file upload.txt (compact mmCIF, C-alpha atoms (C1' of nucleotides))
# COMPACT_ATOMS: atom_id res chain seq x y z
CA MET A 1444 124.34 89.16 82.65
CA LYS A 1445 125.48 92.68 81.85
CA GLU A 1446 122.58 94.06 83.86
CA LEU A 1447 123.47 92.02 86.92
CA ILE A 1448 127.08 93.14 86.88
CA GLU A 1449 126.13 96.77 86.46
CA TYR A 1450 123.76 96.44 89.36
CA ILE A 1451 126.41 94.93 91.61
CA LEU A 1452 129.01 97.53 90.71
CA GLN A 1453 126.71 100.23 92.09
CA PHE A 1454 127.63 98.99 95.53
CA GLY A 1455 131.40 98.69 95.24
CA HIS A 1456 134.30 98.20 92.88
CA LEU A 1457 135.32 94.82 91.46
CA ASN A 1458 138.08 94.00 88.98
CA LYS A 1459 137.58 91.94 85.83
CA GLN A 1460 138.77 88.77 87.43
CA GLN A 1461 136.33 89.14 90.28
CA ILE A 1462 133.51 89.89 87.88
CA ASP A 1463 134.32 86.68 86.04
CA LEU A 1464 134.04 84.75 89.28
CA ILE A 1465 130.47 85.96 89.53
CA CYS A 1466 129.66 85.39 85.86
CA VAL A 1467 130.67 81.74 85.81
CA ARG A 1468 128.40 81.07 88.78
CA ALA A 1469 125.34 83.00 87.62
CA GLY A 1470 122.72 81.09 85.65
CA GLU A 1471 119.80 82.20 83.54
CA LEU A 1472 116.27 81.35 84.58
CA LYS A 1473 113.13 81.95 82.59
CA LEU A 1474 109.80 81.92 84.39
CA ARG A 1475 106.44 81.88 82.72
CA LYS A 1476 103.57 83.91 84.09
CA ASN A 1477 102.36 82.57 87.46
CA GLU A 1478 105.35 80.27 87.94
CA TYR A 1479 107.02 80.42 91.32
CA PHE A 1480 110.57 81.49 91.99
CA SER A 1481 110.29 80.24 95.56
CA GLU A 1482 107.43 78.88 97.62
CA ALA A 1483 106.06 79.09 101.13
CA GLY A 1484 106.99 76.05 103.13
CA LYS A 1485 110.30 75.58 101.35
CA VAL A 1486 113.78 76.87 102.12
CA PRO A 1487 114.77 79.55 99.59
CA GLY A 1488 117.64 78.07 97.62
CA GLN A 1489 118.81 80.89 95.40
CA VAL A 1490 119.18 84.60 94.97
CA GLY A 1491 117.62 86.04 91.84
CA PHE A 1492 118.02 89.23 89.88
CA VAL A 1493 115.25 90.45 87.61
CA VAL A 1494 116.57 91.22 84.14
CA ASP A 1495 113.13 91.44 82.60
CA GLY A 1496 109.64 91.06 83.99
CA ILE A 1497 107.87 91.49 87.32
CA VAL A 1498 107.88 89.21 90.34
CA ARG A 1499 105.62 89.63 93.33
CA GLY A 1500 105.88 88.42 96.89
CA CYS A 1501 102.70 87.18 98.48
CA TYR A 1502 101.33 85.14 101.35
CA TYR A 1503 98.04 83.86 102.70
CA ASN A 1504 96.64 85.46 105.82
CA LYS A 1505 94.60 83.76 108.53
CA ASP A 1506 91.39 84.15 106.53
CA GLY A 1507 92.98 82.50 103.52
CA ASP A 1508 93.12 85.72 101.52
CA GLU A 1509 96.11 86.10 99.28
CA ILE A 1510 98.02 89.27 100.12
CA THR A 1511 100.64 90.80 97.86
CA ARG A 1512 103.51 91.98 100.00
CA CYS A 1513 105.76 93.48 97.34
CA PHE A 1514 106.51 93.88 93.65
CA ILE A 1515 109.99 93.40 92.26
CA SER A 1516 110.66 94.70 88.79
CA GLU A 1517 113.70 95.04 86.54
CA ASN A 1518 117.12 95.58 88.08
CA SER A 1519 116.30 94.37 91.55
CA LEU A 1520 117.16 91.39 93.66
CA VAL A 1521 114.41 88.87 94.22
CA VAL A 1522 114.90 86.71 97.30
CA ASP A 1523 113.37 86.14 100.70
CA TYR A 1524 116.73 87.10 102.06
CA VAL A 1525 116.22 86.69 105.79
CA ASN A 1526 115.02 83.13 105.34
CA PHE A 1527 117.61 82.41 102.67
CA GLU A 1528 120.38 83.60 104.97
CA ALA A 1529 119.03 81.74 108.00
CA ASN A 1530 118.35 78.63 105.91
CA ILE A 1531 114.79 78.28 107.16
CA VAL A 1532 111.50 77.74 105.38
CA SER A 1533 109.83 80.80 103.96
CA SER A 1534 106.25 81.85 104.58
CA ASP A 1535 106.02 83.71 101.30
CA TYR A 1536 105.69 82.89 97.66
CA LEU A 1537 107.71 84.70 95.04
CA GLN A 1538 105.72 84.46 91.84
CA ALA A 1539 106.26 85.72 88.31
CA CYS A 1540 103.54 88.25 87.42
CA THR A 1541 104.72 88.27 83.82
CA GLU A 1542 107.15 86.32 81.71
CA CYS A 1543 110.46 86.80 83.49
CA ASN A 1544 114.14 86.57 82.70
CA LEU A 1545 116.23 86.21 85.82
CA MET A 1546 119.85 85.68 86.68
CA VAL A 1547 120.29 83.38 89.64
CA LEU A 1548 123.00 82.41 92.05
CA SER A 1549 122.59 79.21 94.04
CA ARG A 1550 123.14 79.20 97.77
CA GLN A 1551 126.47 77.49 97.25
CA SER A 1552 127.64 80.09 94.73
CA TRP A 1553 126.41 82.93 96.89
CA GLU A 1554 128.41 81.65 99.85
CA GLU A 1555 131.49 80.86 97.79
CA LEU A 1556 131.66 84.46 96.62
CA SER A 1557 132.19 85.54 100.23
CA GLN A 1558 135.26 83.33 100.35
CA ILE A 1559 136.82 84.21 97.03
CA ILE A 1560 136.06 87.89 96.53
CA VAL A 1561 137.47 90.33 99.03
CA GLY A 1562 134.85 92.98 99.63
CA TRP A 1563 131.95 90.84 98.47
CA ASP A 1564 130.42 90.81 101.93
CA ASN A 1565 130.47 94.55 101.96
CA ILE A 1566 128.73 94.77 98.60
CA LYS A 1567 126.31 92.06 99.64
CA SER A 1568 125.20 93.79 102.80
CA LYS A 1569 124.68 97.07 100.97
CA MET A 1570 122.54 95.33 98.36
CA VAL A 1571 120.41 93.62 100.95
CA GLN A 1572 119.98 96.75 103.02
CA LEU A 1573 118.84 98.71 99.99
CA CYS A 1574 116.29 96.00 99.18
CA MET A 1575 114.81 96.07 102.65
CA TYR A 1576 114.83 99.82 102.90
CA GLN A 1577 113.07 100.34 99.58
CA LYS A 1578 110.44 97.82 100.43
CA SER A 1579 109.61 99.61 103.66
CA ARG A 1580 109.76 103.16 102.33
CA LYS A 1581 108.07 102.65 98.99
CA GLY A 1582 105.31 100.48 100.40
CA PRO A 1583 101.77 101.58 101.19
CA VAL A 1584 101.42 103.71 104.30
CA VAL A 1585 98.80 102.57 106.75
CA SER A 1586 97.90 106.10 107.81
CA GLN A 1587 96.92 107.18 104.32
CA ASP A 1588 93.52 106.61 102.78
CA ALA A 1589 93.12 104.25 99.86
CA THR A 1590 93.16 106.96 97.20
CA THR A 1591 96.41 108.43 98.49
CA ARG A 1592 97.97 104.99 98.67
CA TYR A 1593 97.05 104.39 95.04
CA LEU A 1594 98.39 107.76 93.91
CA GLU A 1595 101.67 107.14 95.70
CA PHE A 1596 101.83 103.67 94.23
CA MET A 1597 101.60 105.18 90.78
CA GLU A 1598 104.40 107.58 91.64
CA ASN A 1599 106.63 104.90 93.10
CA TYR A 1600 105.92 102.20 90.55
CA PRO A 1601 104.71 103.93 87.37
CA SER A 1602 105.89 101.04 85.22
CA LEU A 1603 103.75 98.47 86.99
CA ILE A 1604 100.27 99.87 86.59
CA ASN A 1605 99.58 98.45 83.16
CA ARG A 1606 101.57 95.28 83.63
CA VAL A 1607 100.13 93.59 86.71
CA PRO A 1608 96.50 92.57 87.36
CA LEU A 1609 94.40 94.96 89.37
CA THR A 1610 93.74 92.30 91.98
CA TYR A 1611 97.39 92.17 92.92
CA ILE A 1612 97.68 95.92 93.21
CA ALA A 1613 94.52 96.00 95.31
CA SER A 1614 95.77 93.42 97.78
CA TYR A 1615 99.11 95.22 97.92
CA LEU A 1616 97.36 98.47 98.77
CA GLY A 1617 95.09 96.80 101.30
CA VAL A 1618 91.80 97.46 99.55
CA THR A 1619 89.32 95.30 97.72
CA GLN A 1620 89.43 95.12 93.99
CA GLN A 1621 86.05 96.82 93.85
CA SER A 1622 87.22 99.76 95.94
CA LEU A 1623 90.31 100.21 93.80
CA SER A 1624 88.21 100.17 90.67
CA ARG A 1625 86.00 102.88 92.19
CA ILE A 1626 89.06 104.90 93.17
CA ARG A 1627 90.38 104.72 89.61
CA LYS A 1628 87.06 105.99 88.34
CA ASN A 1629 87.09 108.94 90.75
CA ILE A 1630 90.61 109.91 89.73
CA ARG A 1631 89.77 110.16 86.03
CA MET B 525 126.86 98.39 129.05
CA LYS B 526 126.36 94.72 129.83
CA GLU B 527 123.11 94.79 127.86
CA LEU B 528 124.77 96.23 124.79
CA ILE B 529 127.52 93.62 124.78
CA GLU B 530 125.07 90.78 125.22
CA TYR B 531 123.04 92.15 122.36
CA ILE B 532 126.05 92.34 120.07
CA LEU B 533 127.25 88.85 120.94
CA GLN B 534 123.97 87.44 119.61
CA PHE B 535 125.29 88.17 116.14
CA GLY B 536 128.80 86.75 116.37
CA HIS B 537 131.67 85.92 118.67
CA LEU B 538 134.10 88.49 120.08
CA ASN B 539 136.97 88.00 122.49
CA LYS B 540 137.49 90.06 125.64
CA GLN B 541 139.94 92.39 123.99
CA GLN B 542 137.51 93.14 121.19
CA ILE B 543 134.70 93.70 123.65
CA ASP B 544 136.89 96.23 125.46
CA LEU B 545 137.43 98.09 122.22
CA ILE B 546 133.69 98.57 122.05
CA CYS B 547 133.28 99.45 125.72
CA VAL B 548 135.80 102.26 125.74
CA ARG B 549 134.01 103.86 122.81
CA ALA B 550 130.43 103.50 124.01
CA GLY B 551 128.95 106.35 126.00
CA GLU B 552 125.89 106.63 128.17
CA LEU B 553 123.08 108.97 127.20
CA LYS B 554 120.04 109.80 129.25
CA LEU B 555 117.05 111.32 127.51
CA ARG B 556 114.07 112.84 129.25
CA LYS B 557 110.59 112.30 127.94
CA ASN B 558 110.03 114.04 124.59
CA GLU B 559 113.72 114.78 124.03
CA TYR B 560 115.08 113.92 120.61
CA PHE B 561 117.79 111.39 119.88
CA SER B 562 118.02 112.65 116.31
CA GLU B 563 116.04 115.14 114.30
CA ALA B 564 114.64 115.57 110.82
CA GLY B 565 116.78 117.92 108.79
CA LYS B 566 119.99 116.85 110.49
CA VAL B 567 122.53 114.17 109.67
CA PRO B 568 122.28 111.31 112.19
CA GLY B 569 125.54 111.35 114.12
CA GLN B 570 125.38 108.30 116.33
CA VAL B 571 124.07 104.81 116.76
CA GLY B 572 122.08 104.19 119.93
CA PHE B 573 121.08 101.14 121.90
CA VAL B 574 118.09 101.28 124.23
CA VAL B 575 118.99 99.99 127.68
CA ASP B 576 115.85 101.30 129.28
CA GLY B 577 112.86 103.21 127.94
CA ILE B 578 111.03 103.60 124.66
CA VAL B 579 111.98 105.65 121.63
CA ARG B 580 109.73 106.27 118.67
CA GLY B 581 110.44 107.25 115.10
CA CYS B 582 108.09 109.79 113.56
CA TYR B 583 107.73 112.23 110.72
CA TYR B 584 105.33 114.83 109.41
CA ASN B 585 103.29 114.02 106.34
CA LYS B 586 102.17 116.45 103.65
CA ASP B 587 99.15 117.52 105.71
CA GLY B 588 101.36 118.30 108.69
CA ASP B 589 100.12 115.35 110.69
CA GLU B 590 102.66 113.67 112.89
CA ILE B 591 102.96 109.98 112.03
CA THR B 592 104.66 107.46 114.25
CA ARG B 593 106.68 105.14 112.06
CA CYS B 594 108.09 102.79 114.70
CA PHE B 595 108.63 102.09 118.37
CA ILE B 596 112.00 100.97 119.69
CA SER B 597 112.10 99.48 123.16
CA GLU B 598 114.70 97.83 125.35
CA ASN B 599 117.49 95.84 123.76
CA SER B 600 117.23 97.30 120.29
CA LEU B 601 119.28 99.60 118.15
CA VAL B 602 117.92 103.08 117.61
CA VAL B 603 119.25 104.83 114.53
CA ASP B 604 118.09 106.02 111.14
CA TYR B 605 120.67 103.68 109.73
CA VAL B 606 120.30 104.28 106.03
CA ASN B 607 120.82 108.01 106.45
CA PHE B 608 123.50 107.50 109.09
CA GLU B 609 125.42 105.22 106.75
CA ALA B 610 124.98 107.49 103.74
CA ASN B 611 125.77 110.57 105.81
CA ILE B 612 122.72 112.46 104.62
CA VAL B 613 120.03 114.39 106.46
CA SER B 614 117.20 112.37 107.91
CA SER B 615 113.53 113.02 107.37
CA ASP B 616 112.56 111.43 110.67
CA TYR B 617 112.70 112.32 114.31
CA LEU B 618 113.76 109.78 116.91
CA GLN B 619 112.14 110.87 120.14
CA ALA B 620 112.11 109.49 123.67
CA CYS B 621 108.57 108.41 124.61
CA THR B 622 109.67 107.88 128.21
CA GLU B 623 112.77 108.55 130.26
CA CYS B 624 115.48 106.66 128.41
CA ASN B 625 118.89 105.23 129.15
CA LEU B 626 120.87 104.64 125.98
CA MET B 627 124.34 103.51 125.06
CA VAL B 628 125.70 105.40 122.09
CA LEU B 629 128.51 105.07 119.60
CA SER B 630 129.51 108.12 117.61
CA ARG B 631 129.96 107.89 113.89
CA GLN B 632 133.71 107.96 114.34
CA SER B 633 133.65 105.10 116.85
CA TRP B 634 131.27 103.11 114.73
CA GLU B 635 133.57 103.39 111.72
CA GLU B 636 136.71 102.73 113.74
CA LEU B 637 135.29 99.44 114.92
CA SER B 638 135.25 98.23 111.32
CA GLN B 639 138.97 98.86 111.13
CA ILE B 640 140.03 97.37 114.43
CA ILE B 641 137.73 94.41 114.95
CA VAL B 642 137.90 91.60 112.44
CA GLY B 643 134.37 90.37 111.91
CA TRP B 644 132.73 93.58 113.11
CA ASP B 645 131.31 94.29 109.67
CA ASN B 646 129.70 90.91 109.67
CA ILE B 647 128.08 91.48 113.05
CA LYS B 648 127.09 94.97 112.02
CA SER B 649 125.29 93.92 108.88
CA LYS B 650 123.39 91.22 110.75
CA MET B 651 122.28 93.71 113.39
CA VAL B 652 121.10 96.19 110.81
CA GLN B 653 119.29 93.57 108.78
CA LEU B 654 117.45 92.33 111.84
CA CYS B 655 116.38 95.87 112.67
CA MET B 656 114.97 96.47 109.23
CA TYR B 657 113.31 93.10 109.00
CA GLN B 658 111.57 93.40 112.35
CA LYS B 659 110.31 96.82 111.53
CA SER B 660 108.73 95.58 108.32
CA ARG B 661 107.32 92.32 109.69
CA LYS B 662 106.07 93.54 113.05
CA GLY B 663 104.54 96.70 111.67
CA PRO B 664 100.86 97.28 110.98
CA VAL B 665 99.54 95.54 107.87
CA VAL B 666 97.66 97.74 105.48
CA SER B 667 95.27 94.99 104.42
CA GLN B 668 93.96 94.44 107.94
CA ASP B 669 91.19 96.46 109.54
CA ALA B 670 91.93 98.72 112.48
CA THR B 671 90.81 96.26 115.14
CA THR B 672 93.05 93.51 113.80
CA ARG B 673 95.97 95.91 113.57
CA TYR B 674 95.47 96.84 117.21
CA LEU B 675 95.20 93.21 118.33
CA GLU B 676 98.39 92.33 116.47
CA PHE B 677 100.09 95.36 117.92
CA MET B 678 99.28 94.09 121.39
CA GLU B 679 100.71 90.69 120.48
CA ASN B 680 103.87 92.11 118.96
CA TYR B 681 104.48 94.84 121.52
CA PRO B 682 102.70 93.81 124.73
CA SER B 683 105.07 95.87 126.83
CA LEU B 684 104.24 99.14 125.08
CA ILE B 685 100.52 99.42 125.58
CA ASN B 686 100.60 100.97 129.01
CA ARG B 687 103.78 102.94 128.49
CA VAL B 688 103.17 105.11 125.45
CA PRO B 689 100.37 107.62 124.86
CA LEU B 690 97.37 106.42 122.92
CA THR B 691 97.91 109.12 120.31
CA TYR B 692 101.23 107.63 119.28
CA ILE B 693 99.82 104.14 119.00
CA ALA B 694 96.91 105.47 116.96
CA SER B 695 99.13 107.24 114.45
CA TYR B 696 101.33 104.15 114.26
CA LEU B 697 98.31 102.02 113.45
CA GLY B 698 96.98 104.53 110.97
CA VAL B 699 93.76 105.39 112.78
CA THR B 700 92.52 108.42 114.65
CA GLN B 701 92.77 108.51 118.40
CA GLN B 702 88.97 108.45 118.59
CA SER B 703 88.71 105.34 116.48
CA LEU B 704 91.30 103.56 118.56
CA SER B 705 89.49 104.50 121.73
CA ARG B 706 86.29 103.06 120.26
CA ILE B 707 88.12 99.90 119.23
CA ARG B 708 89.46 99.45 122.75
CA LYS B 709 85.93 99.78 124.08
CA ASN B 710 84.61 97.12 121.72
CA ILE B 711 87.35 94.71 122.68
CA ARG B 712 86.56 94.86 126.39
C1' DA C 3 90.64 123.22 147.50
C1' DG C 4 90.47 125.12 142.95
C1' DA C 5 92.38 126.20 138.31
C1' DA C 6 94.72 124.71 134.38
C1' DC C 7 96.28 121.29 131.56
C1' DG C 8 96.85 116.89 129.08
C1' DA C 9 95.10 112.37 127.99
C1' DG C 10 91.47 109.51 127.01
C1' DT C 11 86.44 108.75 126.10
C1' DT C 12 82.00 109.36 124.07
C1' DA C 13 78.55 111.04 120.76
C1' DC C 14 76.89 112.53 116.38
C1' DC C 15 76.90 112.62 111.56
C1' DA C 16 79.40 112.43 107.06
C1' DA C 17 82.49 109.94 104.19
C1' DA C 18 85.04 105.92 102.92
C1' DT C 19 85.32 101.14 102.43
C1' DG C 20 83.75 96.19 102.43
C1' DG C 21 80.60 92.31 100.96
C1' DT C 22 77.65 90.44 97.69
C1' DA C 23 76.11 90.18 93.22
C1' DA C 24 75.69 91.09 88.51
C1' DA C 25 77.06 93.23 84.20
C1' DA C 26 80.57 94.60 80.97
C1' DA C 27 84.98 94.31 78.80
C1' DG C 28 88.96 91.95 77.45
C1' DT C 29 91.60 87.42 76.05
C1' DG C 30 92.60 83.22 74.19
C1' DA C 31 91.22 78.69 72.09
C1' DC C 32 88.83 76.43 68.63
C1' DG D 239 83.35 84.59 64.59
C1' DT D 240 81.94 82.53 68.81
C1' DC D 241 82.44 80.25 73.03
C1' DA D 242 84.61 79.91 77.46
C1' DC D 243 87.23 82.12 80.65
C1' DT D 244 89.33 85.84 83.21
C1' DT D 245 89.55 90.57 84.52
C1' DT D 246 87.45 94.86 85.47
C1' DT D 247 83.55 97.78 86.35
C1' DT D 248 79.25 99.03 88.44
C1' DA D 249 75.50 98.96 91.80
C1' DC D 250 73.37 98.32 96.24
C1' DC D 251 73.52 98.37 101.08
C1' DA D 252 75.86 97.36 105.62
C1' DT D 253 79.79 98.40 108.27
C1' DT D 254 83.81 100.87 109.46
C1' DT D 255 86.26 104.94 110.00
C1' DG D 256 87.02 110.07 110.06
C1' DG D 257 85.96 114.92 111.61
C1' DT D 258 84.18 117.85 114.98
C1' DA D 259 83.07 118.73 119.46
C1' DA D 260 82.00 118.06 124.13
C1' DC D 261 82.83 115.61 128.24
C1' DT D 262 85.36 112.87 131.93
C1' DC D 263 89.27 111.73 134.50
C1' DG D 264 93.83 112.52 136.55
C1' DT D 265 97.77 115.25 137.46
C1' DT D 266 100.19 119.30 138.59
C1' DC D 267 100.63 123.93 140.04
C1' DT D 268 99.23 127.69 142.92
call {"tool": "encode", "arguments": {"input": "upload.txt", "output": "structure tokens"}}
result
Amino acid sequence: MKELIEYILQFGHLNKQQIDLICVRAGELKLRKNEYFSEAGKVPGQVGFVVDGIVRGCYYNKDGDEITRCFISENSLVVDYVNFEANIVSSDYLQACTECNLMVLSRQSWEELSQIIVGWDNIKSKMVQLCMYQKSRKGPVVSQDATTRYLEFMENYPSLINRVPLTYIASYLGVTQQSLSRIRKNIR
Amino acid sequence: MKELIEYILQFGHLNKQQIDLICVRAGELKLRKNEYFSEAGKVPGQVGFVVDGIVRGCYYNKDGDEITRCFISENSLVVDYVNFEANIVSSDYLQACTECNLMVLSRQSWEELSQIIVGWDNIKSKMVQLCMYQKSRKGPVVSQDATTRYLEFMENYPSLINRVPLTYIASYLGVTQQSLSRIRKNIR
DNA sequence: AGAACGAGTTACCAAATGGTAAAAAGTGAC
DNA sequence: GTCACTTTTTACCATTTGGTAACTCGTTCT
């Protein structure tokens, strides 16, 4: 809980009373490896915050290949926010890569906070914008070759390399697992 | 001006008085081909809206290659919003690909609107979120091969193909101009 | 018309990456 | 420990893409 509050306070000031309004609504959620936080074909029902562990977003392309779209590690929001906000079914899975401890706010709680905390909407939009921005700027760049993408991945996400399966990293970087293994060999 | 107001009203309701508050602050800006709307190394000073024409976002990578990061065509906001909001220098150029007619709001006007229009912040955050989301979801996918990226580009941006130079499309898709030319040939 | 320029195309070869398959290494259950 | 299972590595060859360079096609300027 402490981690969630600290995270939120990055984006604006709240007094103790307001913080309590959040705390009473936030619940703990433990996910085991490979469990889903939200699934394609369903309407996202909650906003999560990763206290411990790694979640990944993924989808299936037209060929049926599973593509990892993003990794979300500690101290980040985990939610398909656009679909959550619009209340429409998601096309992505959000899946625990490791054992995960999350804090979650239900849709109802999330919307209530807008009513009862002045300035919550401001904090909320800053949080969401940061999420989206980081995903786009820290993601793999299509104009770089596979080796460069992997090197930048290691710079941007040094804590992930030994914690998530190679397959996931490969599909995130847009290469086959075999190519990534070869790239690793060449780097050594 | 009409176009800008219609665009804004997609995201929430405003009365005539509120619309006037926007109109008196919005200015027209014409850009000739290759002129910059904002430049790397400078703090973005205004939010633009493309009435007519195409703007592209680009930057220079470590090798000095110019990379097109996005295309912005009619009825879209054009602004490096994260840096605009944070008031810090941008690393990207926003450049007119064609003759452009824009509507612009200065930083001062943009911030004033938050003070004088109830609900503006709500509209604003929805506009910005849509911008970011579209950029990430309509952009080239690193796990696809060059031909697929080009085909999806044509689906997502059919109006751009005959209006922007091939070089820009190539760098956007992460391929050389020669490869893209070859891909076009194979498709015919 | 001719020169100069920019944009797009084509060709050639080298390098990078994918597809298929098999081997090796790591992990957990019994 | 050993078996079953998953993950990672390696190898081989086909395909894709990049780098260099020359060529074609229009457009503009004189």
call {"tool": "residues_around", "arguments": {"input": "upload.txt", "residues": "A:Leu1623", "least_positions_apart": "6", "cutoff": "9 Å", "atoms": "all atoms listed in the file", "output": "MDAnalysis selection string"}}
result
chainID A and resid 1589:1590 1593 1609:1610 1612:1613 1616
call {"tool": "residues_around", "arguments": {"input": "upload.txt", "residues": "stretch 244-253 of chain D", "least_positions_apart": "6", "cutoff": "10 Å", "atoms": "all atoms listed in the file", "output": "list in words"}}
result
Pro1608, Leu1609, Thr1610, Gln1620, Gln1621, Ser1624, Arg1625 and Lys1628 of chain A; DT19, DG20, DG21, DT22, DA23, DA24, DA25, DA26, DA27, DG28, DT29 and DG30 of chain C
call {"tool": "atom_distance", "arguments": {"input": "upload.txt", "atom1": "atom CA of A:Val1498", "atom2": "atom CA of A:Glu1528"}}
result
20.0 Å
call {"tool": "closest_residue", "arguments": {"input": "upload.txt", "among": "A:Ile1462, A:Pro1487, A:Glu1595, A:Gln1587", "to": "chain D", "atoms": "only C-alpha atoms (C1' of nucleotides)"}}
result
A:Gln1587
call {"tool": "residues_around", "arguments": {"input": "upload.txt", "residues": "B:Asp604", "least_positions_apart": "3", "cutoff": "12 Å", "atoms": "only C-alpha atoms (C1' of nucleotides)", "output": "mmCIF file with C-alpha atoms, keeping the file's coordinate frame"}}
result
data_model
loop_
_atom_site.group_PDB
_atom_site.id
_atom_site.type_symbol
_atom_site.label_atom_id
_atom_site.label_comp_id
_atom_site.auth_asym_id
_atom_site.auth_seq_id
_atom_site.Cartn_x
_atom_site.Cartn_y
_atom_site.Cartn_z
ATOM 1 C CA TYR A 1576 114.830 99.820 102.900
ATOM 2 C CA PHE B 561 117.790 111.390 119.880
ATOM 3 C CA SER B 562 118.020 112.650 116.310
ATOM 4 C CA GLU B 563 116.040 115.140 114.300
ATOM 5 C CA ALA B 564 114.640 115.570 110.820
ATOM 6 C CA LYS B 566 119.990 116.850 110.490
ATOM 7 C CA VAL B 567 122.530 114.170 109.670
ATOM 8 C CA PRO B 568 122.280 111.310 112.190
ATOM 9 C CA GLY B 569 125.540 111.350 114.120
ATOM 10 C CA GLN B 570 125.380 108.300 116.330
ATOM 11 C CA VAL B 571 124.070 104.810 116.760
ATOM 12 C CA GLY B 572 122.080 104.190 119.930
ATOM 13 C CA ARG B 580 109.730 106.270 118.670
ATOM 14 C CA GLY B 581 110.440 107.250 115.100
ATOM 15 C CA CYS B 582 108.090 109.790 113.560
ATOM 16 C CA ARG B 593 106.680 105.140 112.060
ATOM 17 C CA CYS B 594 108.090 102.790 114.700
ATOM 18 C CA ILE B 596 112.000 100.970 119.690
ATOM 19 C CA LEU B 601 119.280 99.600 118.150
ATOM 20 C CA ASN B 607 120.820 108.010 106.450
ATOM 21 C CA PHE B 608 123.500 107.500 109.090
ATOM 22 C CA GLU B 609 125.420 105.220 106.750
ATOM 23 C CA ALA B 610 124.980 107.490 103.740
ATOM 24 C CA ASN B 611 125.770 110.570 105.810
ATOM 25 C CA ILE B 612 122.720 112.460 104.620
ATOM 26 C CA VAL B 613 120.030 114.390 106.460
ATOM 27 C CA SER B 614 117.200 112.370 107.910
ATOM 28 C CA SER B 615 113.530 113.020 107.370
ATOM 29 C CA ASP B 616 112.560 111.430 110.670
ATOM 30 C CA TYR B 617 112.700 112.320 114.310
ATOM 31 C CA LEU B 618 113.760 109.780 116.910
ATOM 32 C CA GLN B 619 112.140 110.870 120.140
ATOM 33 C CA VAL B 652 121.100 96.190 110.810
ATOM 34 C CA CYS B 655 116.380 95.870 112.670
ATOM 35 C CA MET B 656 114.970 96.470 109.230
#
call {"tool": "interface_residues", "arguments": {"input": "upload.txt", "of": "chain C", "to": "chain B", "cutoff": "12 Å", "atoms": "all atoms listed in the file", "output": "PyMOL selection string"}}
result
chain C and resi 8-13+19-20
call {"tool": "closest_atom_pairs", "arguments": {"input": "upload.txt", "of": "chain A", "to": "chain B", "cutoff": "7 Å", "atoms": "all atoms listed in the file", "output": "Markdown table"}}
result
| residue | atom | partner | partner_atom | distance |
| --- | --- | --- | --- | --- |
| A:Ser1568 | CA | B:Ser649 | CA | 6.1 |
| A:Gln1572 | CA | B:Gln653 | CA | 6.6 |
| A:Met1575 | CA | B:Met656 | CA | 6.6 |
| A:Ser1579 | CA | B:Ser660 | CA | 6.2 |
| A:Val1585 | CA | B:Gly698 | CA | 5.0 |
| A:Ser1586 | CA | B:Gly698 | CA | 3.6 |
| A:Ser1614 | CA | B:Ser667 | CA | 6.8 |
| A:Leu1616 | CA | B:Val666 | CA | 6.8 |
| A:Gly1617 | CA | B:Ser667 | CA | 3.6 |
| A:Val1618 | CA | B:Ser667 | CA | 6.5 |
